[in-house]
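Engineer: File query.txt follows (compact mmCIF, C-alpha atoms):
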# COMPACT_ATOMS: atom_id res chain seq x y z
CA MET E 53 28.42 15.11 61.53
CA ASP E 54 28.50 12.18 59.10
CA THR E 55 24.70 12.12 59.00
CA VAL E 56 24.55 15.86 58.33
CA ILE E 57 27.01 15.53 55.47
CA LEU E 58 25.09 12.61 54.01
CA ILE E 59 21.82 14.56 54.16
CA SER E 60 23.38 17.60 52.49
CA GLN E 61 24.88 15.43 49.76
CA VAL E 62 21.48 13.89 49.09
CA LEU E 63 19.88 17.36 48.93
CA MET E 64 22.48 18.64 46.49
CA GLY E 65 22.26 15.52 44.36
CA LEU E 66 18.52 16.08 44.14
CA ALA E 67 19.23 19.69 43.14
CA LEU E 68 21.49 18.45 40.34
CA VAL E 69 18.75 16.11 39.09
CA LEU E 70 16.16 18.91 39.07
CA ALA E 71 18.51 21.26 37.23
CA PHE E 72 19.22 18.49 34.73
CA VAL E 73 15.49 18.16 34.05
CA ARG E 74 15.48 21.85 33.15
CA VAL E 75 18.52 21.38 30.89
CA VAL E 76 16.67 18.65 29.01
CA ARG E 77 13.28 20.38 28.86
CA GLY E 78 14.36 24.02 28.65
CA PRO E 79 12.46 25.65 25.81
CA SER E 80 15.30 27.92 24.71
CA LEU E 81 19.08 28.16 24.90
CA PRO E 82 19.23 30.86 27.64
CA ASP E 83 17.19 28.59 29.95
CA ARG E 84 19.72 25.83 29.47
CA VAL E 85 22.61 28.21 30.10
CA VAL E 86 21.05 29.30 33.39
CA ALA E 87 20.57 25.67 34.40
CA LEU E 88 24.20 24.86 33.56
CA GLU E 89 25.32 27.80 35.68
CA LEU E 90 23.30 26.37 38.55
CA PHE E 91 25.15 23.08 37.93
CA ALA E 92 28.48 24.87 38.46
CA SER E 93 27.36 26.48 41.73
CA THR E 94 25.97 23.21 43.06
CA VAL E 95 29.15 21.34 42.21
CA VAL E 96 31.21 24.00 44.02
CA GLY E 97 29.07 23.36 47.09
CA MET E 98 29.44 19.60 46.75
CA VAL E 99 33.22 19.92 46.53
CA GLY E 100 33.18 22.01 49.71
CA VAL E 101 31.12 19.39 51.55
CA TYR E 102 33.44 16.67 50.27
CA ALA E 103 36.45 18.62 51.58
CA ILE E 104 34.80 18.66 55.02
CA LYS E 105 34.00 14.95 54.83
CA MET E 106 37.49 13.85 53.74
CA ASP E 107 39.27 16.47 55.87
CA VAL E 108 41.40 17.46 52.86
CA SER E 109 41.58 21.21 52.25
CA SER E 110 43.17 20.91 48.79
CA PHE E 111 39.75 20.23 47.28
CA LEU E 112 39.01 23.93 47.66
CA ASP E 113 41.37 24.66 44.76
CA ALA E 114 39.16 22.52 42.55
CA ALA E 115 36.14 24.47 43.83
CA ILE E 116 37.79 27.76 42.83
CA VAL E 117 38.54 26.46 39.35
CA ILE E 118 34.98 25.15 38.89
CA ALA E 119 33.50 28.50 39.94
CA LEU E 120 35.78 30.28 37.47
CA MET E 121 34.81 27.92 34.65
CA GLY E 122 31.11 28.41 35.38
CA PHE E 123 31.45 32.18 35.15
CA LEU E 124 33.46 32.02 31.93
CA THR E 125 30.99 29.65 30.26
CA ALA E 126 28.12 31.96 31.17
CA ILE E 127 29.94 34.94 29.64
CA GLY E 128 30.86 32.94 26.55
CA PHE E 129 27.32 31.68 25.96
CA ALA E 130 25.95 35.19 26.38
CA ARG E 131 28.39 36.56 23.82
CA PHE E 132 27.43 33.75 21.47
CA LEU E 133 23.74 34.54 21.86
CA GLU E 134 24.16 38.28 21.38
CA ARG E 135 26.30 37.89 18.28
CA GLY E 136 23.59 35.69 16.83
CA GLY E 137 25.47 32.50 16.07
CA PRO E 138 23.76 29.47 14.52
CA ARG E 139 21.18 28.11 16.97
CA ASP E 140 19.31 24.85 17.19
CA ASP E 141 17.23 25.02 20.36
CA MET O 408 29.37 24.34 69.58
CA ILE O 409 31.46 24.74 66.43
CA GLU O 410 30.23 21.32 65.39
CA PHE O 411 26.61 22.44 65.77
CA VAL O 412 27.11 25.70 63.83
CA LYS O 413 28.96 23.81 61.12
CA GLY O 414 26.18 21.28 60.71
CA PHE O 415 23.59 24.03 60.58
CA LEU O 416 25.55 25.89 57.88
CA VAL O 417 25.99 22.75 55.77
CA ILE O 418 22.30 21.84 55.93
CA ALA O 419 21.20 25.42 55.26
CA GLY O 420 23.54 25.73 52.28
CA ALA O 421 22.37 22.44 50.77
CA THR O 422 18.74 23.47 51.32
CA PHE O 423 19.29 26.73 49.46
CA MET O 424 20.83 24.78 46.57
CA LEU O 425 17.74 22.57 46.48
CA LEU O 426 15.47 25.63 46.56
CA ALA O 427 17.36 27.13 43.63
CA ALA O 428 16.90 23.90 41.65
CA LEU O 429 13.20 23.80 42.55
CA GLY O 430 12.89 27.39 41.36
CA ILE O 431 14.54 26.70 38.04
CA LEU O 432 12.22 23.77 37.51
CA ARG O 433 8.94 25.37 38.57
CA LEU O 434 9.08 29.04 37.59
CA PRO O 435 7.50 30.07 34.30
CA ASP O 436 10.00 32.14 32.29
CA LEU O 437 13.69 32.93 31.88
CA LEU O 438 13.91 36.01 34.08
CA THR O 439 12.03 34.49 37.03
CA ARG O 440 14.19 31.37 36.76
CA MET O 441 17.32 33.50 36.89
CA HIS O 442 15.92 35.35 39.88
CA ALA O 443 15.63 32.01 41.69
CA THR O 444 18.97 30.49 40.76
CA THR O 445 21.34 33.42 41.04
CA LYS O 446 20.52 34.49 44.55
CA ALA O 447 19.72 31.16 46.15
CA ALA O 448 22.72 29.36 44.65
CA ALA O 449 25.10 32.16 45.61
CA LEU O 450 23.79 32.12 49.17
CA GLY O 451 24.15 28.33 49.29
CA VAL O 452 27.77 28.48 48.16
CA ILE O 453 28.48 31.22 50.71
CA LEU O 454 27.01 29.21 53.60
CA LEU O 455 28.88 26.04 52.58
CA MET O 456 32.18 27.90 52.31
CA LEU O 457 31.62 29.40 55.77
CA ALA O 458 31.15 25.84 57.02
CA VAL O 459 34.43 24.82 55.35
CA ALA O 460 36.23 27.76 56.97
CA LEU O 461 34.82 26.79 60.37
CA HIS O 462 35.81 23.16 59.89
CA PHE O 463 39.48 23.71 59.10
CA LEU O 464 40.22 26.93 61.03
CA GLN O 465 43.62 27.43 59.39
CA VAL O 466 44.63 30.74 57.91
CA ALA O 467 45.34 29.37 54.43
CA VAL O 468 42.04 27.49 54.19
CA VAL O 469 39.96 30.34 55.60
CA ALA O 470 41.58 32.71 53.10
CA ARG O 471 40.72 30.38 50.22
CA ALA O 472 37.15 29.94 51.42
CA PHE O 473 36.72 33.70 51.62
CA ALA O 474 38.28 34.05 48.17
CA ILE O 475 35.56 31.74 46.83
CA ILE O 476 32.89 33.76 48.64
CA VAL O 477 34.13 37.06 47.24
CA PHE O 478 34.45 35.54 43.77
CA VAL O 479 30.89 34.22 43.82
CA LEU O 480 29.56 37.53 45.14
CA MET O 481 31.29 39.41 42.33
CA THR O 482 30.56 37.09 39.43
CA ALA O 483 26.98 35.92 40.09
CA PRO O 484 25.35 39.32 39.38
CA VAL O 485 27.54 39.92 36.33
CA ALA O 486 26.72 36.53 34.81
CA ALA O 487 23.01 36.95 35.56
CA HIS O 488 22.96 40.40 33.97
CA VAL O 489 24.77 39.22 30.85
CA ILE O 490 22.55 36.17 30.36
CA GLY O 491 19.36 38.13 31.03
CA ARG O 492 20.39 40.77 28.51
CA ALA O 493 21.22 38.16 25.90
CA GLY O 494 17.93 36.36 26.59
CA TYR O 495 15.95 39.56 26.08
CA PHE O 496 17.79 40.33 22.84
CA VAL O 497 17.21 36.83 21.54
CA GLY O 498 13.53 37.33 22.25
CA SER O 499 12.74 34.76 24.90
CA LYS O 500 9.07 34.93 25.83
CA LEU O 501 7.98 36.56 29.08
CA TRP O 502 5.41 34.96 31.33
CA ASP O 503 1.72 35.56 30.47
CA GLY O 504 1.16 37.22 33.84
CA THR O 505 3.95 39.75 33.40
CA VAL O 506 2.63 43.11 34.59
CA LYS O 507 5.15 45.54 33.14
CA ASP O 508 7.86 45.41 30.50
CA GLU O 509 9.38 48.88 30.50
CA LEU O 510 11.88 48.05 27.78
CA ARG O 511 9.33 47.10 25.12
CA PRO O 512 8.05 50.57 24.07
CA ASN O 513 11.56 52.07 23.97
CA TYR O 514 13.66 49.27 22.52
CA ASP O 515 13.83 48.36 18.85
CA PRO O 516 14.95 44.72 18.53
CA LEU O 517 15.93 45.07 14.88
CA THR O 518 18.24 48.05 15.16
CA HIS O 519 19.32 47.42 18.78
CA GLU O 520 18.39 51.03 19.49
CA LEU O 521 17.23 52.08 22.93
CA LYS O 522 15.33 55.33 23.39
CA SER O 523 14.97 57.11 26.69
CA GLY O 524 11.47 58.34 25.83
CA LEU O 525 12.53 61.94 26.51
CA GLU O 526 14.07 62.81 23.14
CA THR O 527 13.38 66.26 21.72
CA GLU O 528 12.57 66.87 18.09
CA ALA O 529 16.04 68.29 17.42
CA ASN O 530 17.77 65.23 18.81
CA ALA O 531 15.54 62.88 16.88
CA ARG O 532 16.44 64.57 13.59
CA ARG O 533 20.13 64.95 14.33
CA ASP O 534 21.56 62.14 12.22
CA ILE O 535 19.53 63.21 9.20
CA LYS O 536 20.59 66.86 9.22
CA PRO O 537 23.67 67.65 11.33
CA SER O 538 23.35 70.74 13.50
CA PRO O 539 25.57 73.76 12.71
CA GLN O 540 27.79 73.24 15.82
CA GLU O 541 28.81 69.74 14.72
CA SER O 542 29.71 70.93 11.24
CA ASP O 543 31.83 73.67 12.85
CA GLU O 544 33.84 71.07 14.74
CA GLU O 545 34.61 69.22 11.57
Could I get this structure in the form of structure tokens?
Structural biologist:
Amino acid sequence: MDTVILISQVLMGLALVLAFVRVVRGPSLPDRVVALELFASTVVGMVGVYAIKMDVSSFLDAAIVIALMGFLTAIGFARFLERGGPRDD
Amino acid sequence: MIEFVKGFLVIAGATFMLLAALGILRLPDLLTRMHATTKAAALGVILLMLAVALHFLQVAVVARAFAIIVFVLMTAPVAAHVIGRAGYFVGSKLWDGTVKDELRPNYDPLTHELKSGLETEANARRDIKPSPQESDEE
């Protein structure tokens, strides 16, 4: 089981790196917002795997909060884009 | 047995996360990128939370894991819809190979007005000259 968890952590770390490349390169602000939302989902998954590894179930509360924050940031960025705030892509 | 299923779920979930990240890196425009990330990342989170529920097998933990699953299932489509809508309004470019954009002939980006394409002449002229029934109501 330790090997499986290590492999999954490596895979998700790689996913974070790839999403970060898109955050840096993304041609426009919506692309970056989508990449940041993927960040939130991936971190929720990493927290779940870490809860399995450490055998501590309290980490799931952190996962819930991170998922909530990811959703709220997506909504907030979308409102900002639609209202036409100052942008510097 | 539980150990085996758990390991399979963890690996599958992590693989879906990696596929979502690959999609966001490789696909050509905003909408296709969202199509990759929303579904694959949501499925990855769901599989990982199922693995967590199988690992602990206590009522409180299973309930929390299922709360996360339901939350992700409800919020992922809403967030994707809102961002896609905002991206279209902002005017993000579609891919060169896009076959059909049904919104373009009916949507006016300056006035934010969306036509159905089935308006009659009377409806089109309504705000210029109000019809007699509306003036009766006033």
Engineer: Compile the residues of chain O that lie within 8 Å of chain E, evaluated using only C-alpha atoms, and express the compilation as a VMD selection string.
Structural biologist: chain O and resid 410 414 417 to 418 420 to 422 424 to 429 431 to 432 437 440 to 441 444 to 445 448 to 449 451 to 452 455 to 456 459 462 to 463 468 471 to 472 475 479 482 to 483 486 489 to 490 493 to 494 496 to 497 499
Engineer: Print the selection's residues with C-alpha atoms to a file, as a short mmCIF file (atom, residue, chain, number, x, y, z; two decimals), keeping the file's coordinate frame.
Structural biologist:
data_model
loop_
_atom_site.label_atom_id
_atom_site.label_comp_id
_atom_site.auth_asym_id
_atom_site.auth_seq_id
_atom_site.Cartn_x
_atom_site.Cartn_y
_atom_site.Cartn_z
CA GLU O 410 30.23 21.32 65.39
CA GLY O 414 26.18 21.28 60.71
CA VAL O 417 25.99 22.75 55.77
CA ILE O 418 22.30 21.84 55.93
CA GLY O 420 23.54 25.73 52.28
CA ALA O 421 22.37 22.44 50.77
CA THR O 422 18.74 23.47 51.32
CA MET O 424 20.83 24.78 46.57
CA LEU O 425 17.74 22.57 46.48
CA LEU O 426 15.47 25.63 46.56
CA ALA O 427 17.36 27.13 43.63
CA ALA O 428 16.90 23.90 41.65
CA LEU O 429 13.20 23.80 42.55
CA ILE O 431 14.54 26.70 38.04
CA LEU O 432 12.22 23.77 37.51
CA LEU O 437 13.69 32.93 31.88
CA ARG O 440 14.19 31.37 36.76
CA MET O 441 17.32 33.50 36.89
CA THR O 444 18.97 30.49 40.76
CA THR O 445 21.34 33.42 41.04
CA ALA O 448 22.72 29.36 44.65
CA ALA O 449 25.10 32.16 45.61
CA GLY O 451 24.15 28.33 49.29
CA VAL O 452 27.77 28.48 48.16
CA LEU O 455 28.88 26.04 52.58
CA MET O 456 32.18 27.90 52.31
CA VAL O 459 34.43 24.82 55.35
CA HIS O 462 35.81 23.16 59.89
CA PHE O 463 39.48 23.71 59.10
CA VAL O 468 42.04 27.49 54.19
CA ARG O 471 40.72 30.38 50.22
CA ALA O 472 37.15 29.94 51.42
CA ILE O 475 35.56 31.74 46.83
CA VAL O 479 30.89 34.22 43.82
CA THR O 482 30.56 37.09 39.43
CA ALA O 483 26.98 35.92 40.09
CA ALA O 486 26.72 36.53 34.81
CA VAL O 489 24.77 39.22 30.85
CA ILE O 490 22.55 36.17 30.36
CA ALA O 493 21.22 38.16 25.90
CA GLY O 494 17.93 36.36 26.59
CA PHE O 496 17.79 40.33 22.84
CA VAL O 497 17.21 36.83 21.54
CA SER O 499 12.74 34.76 24.90
#
Engineer: Assuming 6 Å of padding per side, give the centre and edge lengths of the axis-aligned box around every listed atom of segment 90-109 of chain E, in Å to one decimal and as lines of an AutoDock Vina configuration file.
Structural biologist:
center_x = 32.4
center_y = 20.2
center_z = 46.9
size_x = 30.3
size_y = 24.6
size_z = 29.9
Engineer: Using atom CA of Phe478 of chain O and atom CA of Met106 of chain E as the two end points, give the distance in Å to one decimal.
Structural biologist: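 So the two atoms, atom CA of Phe478 of chain O and atom CA of Met106 of chain E, lie 24.1 Å apart.
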Engineer: For atom CA of Lys446 of chain O and atom CA of Arg433 of chain O, determine how far apart the two atoms are, in Å to one decimal place.
Structural biologist: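 That distance, rounded to one decimal, is 15.9 Å.
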Engineer: What is the distance, in Å and to one decimal place, between atom CA of Val412 of chain O and atom CA of Phe473 of chain O?
Structural biologist: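 A separation of 17.5 Å between them.
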Engineer: Output segment 94-130 of chain E as a compact mmCIF listing (two decimals), in the frame of the given file, making sure N, CA and C atoms are there.
Structural biologist:
# COMPACT_ATOMS: atom_id res chain seq x y z
N THR E 94 26.25 24.38 42.21
CA THR E 94 25.97 23.21 43.06
C THR E 94 27.21 22.33 43.21
N VAL E 95 27.96 22.18 42.13
CA VAL E 95 29.15 21.34 42.21
C VAL E 95 30.21 21.99 43.11
N VAL E 96 30.30 23.32 43.08
CA VAL E 96 31.21 24.00 44.02
C VAL E 96 30.82 23.66 45.46
N GLY E 97 29.53 23.71 45.74
CA GLY E 97 29.07 23.36 47.09
C GLY E 97 29.37 21.92 47.44
N MET E 98 29.17 21.01 46.47
CA MET E 98 29.44 19.60 46.75
C MET E 98 30.91 19.37 47.04
N VAL E 99 31.78 20.07 46.30
CA VAL E 99 33.22 19.92 46.53
C VAL E 99 33.58 20.41 47.93
N GLY E 100 32.93 21.52 48.35
CA GLY E 100 33.18 22.01 49.71
C GLY E 100 32.77 20.99 50.76
N VAL E 101 31.59 20.40 50.59
CA VAL E 101 31.12 19.39 51.55
C VAL E 101 32.06 18.17 51.55
N TYR E 102 32.52 17.81 50.36
CA TYR E 102 33.44 16.67 50.27
C TYR E 102 34.76 16.97 50.97
N ALA E 103 35.22 18.23 50.88
CA ALA E 103 36.45 18.62 51.58
C ALA E 103 36.25 18.47 53.09
N ILE E 104 35.06 18.84 53.58
CA ILE E 104 34.80 18.66 55.02
C ILE E 104 34.79 17.17 55.37
N LYS E 105 34.15 16.37 54.52
CA LYS E 105 34.00 14.95 54.83
C LYS E 105 35.36 14.24 54.85
N MET E 106 36.20 14.53 53.85
CA MET E 106 37.49 13.85 53.74
C MET E 106 38.58 14.52 54.58
N ASP E 107 38.28 15.72 55.09
CA ASP E 107 39.27 16.47 55.87
C ASP E 107 40.51 16.82 55.04
N VAL E 108 40.30 17.07 53.76
CA VAL E 108 41.40 17.46 52.86
C VAL E 108 41.08 18.84 52.32
N SER E 109 41.91 19.83 52.64
CA SER E 109 41.58 21.21 52.25
C SER E 109 41.95 21.50 50.81
N SER E 110 42.74 20.63 50.17
CA SER E 110 43.17 20.91 48.79
C SER E 110 42.02 20.91 47.81
N PHE E 111 40.90 20.26 48.19
CA PHE E 111 39.75 20.23 47.28
C PHE E 111 39.22 21.63 46.99
N LEU E 112 39.52 22.58 47.89
CA LEU E 112 39.01 23.93 47.66
C LEU E 112 39.58 24.54 46.39
N ASP E 113 40.81 24.15 46.01
CA ASP E 113 41.37 24.66 44.76
C ASP E 113 40.50 24.24 43.59
N ALA E 114 40.06 22.98 43.62
CA ALA E 114 39.16 22.52 42.55
C ALA E 114 37.88 23.34 42.55
N ALA E 115 37.37 23.67 43.76
CA ALA E 115 36.14 24.47 43.83
C ALA E 115 36.35 25.83 43.18
N ILE E 116 37.51 26.46 43.44
CA ILE E 116 37.79 27.76 42.83
C ILE E 116 37.79 27.65 41.31
N VAL E 117 38.46 26.61 40.81
CA VAL E 117 38.54 26.46 39.35
C VAL E 117 37.15 26.23 38.74
N ILE E 118 36.32 25.42 39.43
CA ILE E 118 34.98 25.15 38.89
C ILE E 118 34.15 26.43 38.86
N ALA E 119 34.25 27.24 39.92
CA ALA E 119 33.50 28.50 39.94
C ALA E 119 33.95 29.39 38.79
N LEU E 120 35.26 29.46 38.56
CA LEU E 120 35.78 30.28 37.47
C LEU E 120 35.27 29.80 36.13
N MET E 121 35.28 28.47 35.93
CA MET E 121 34.81 27.92 34.65
C MET E 121 33.33 28.23 34.44
N GLY E 122 32.53 28.11 35.52
CA GLY E 122 31.11 28.41 35.38
C GLY E 122 30.88 29.84 34.93
N PHE E 123 31.60 30.77 35.53
CA PHE E 123 31.45 32.18 35.15
C PHE E 123 31.85 32.38 33.69
N LEU E 124 32.99 31.79 33.30
CA LEU E 124 33.46 32.02 31.93
C LEU E 124 32.51 31.40 30.90
N THR E 125 31.94 30.22 31.21
CA THR E 125 30.99 29.65 30.26
C THR E 125 29.75 30.51 30.13
N ALA E 126 29.30 31.09 31.25
CA ALA E 126 28.12 31.96 31.17
C ALA E 126 28.42 33.16 30.26
N ILE E 127 29.58 33.80 30.47
CA ILE E 127 29.94 34.94 29.64
C ILE E 127 30.04 34.53 28.17
N GLY E 128 30.68 33.38 27.93
CA GLY E 128 30.86 32.94 26.55
C GLY E 128 29.54 32.66 25.85
N PHE E 129 28.62 31.97 26.56
CA PHE E 129 27.32 31.68 25.96
C PHE E 129 26.57 32.97 25.68
N ALA E 130 26.67 33.94 26.59
CA ALA E 130 25.95 35.19 26.38
C ALA E 130 26.49 35.93 25.16
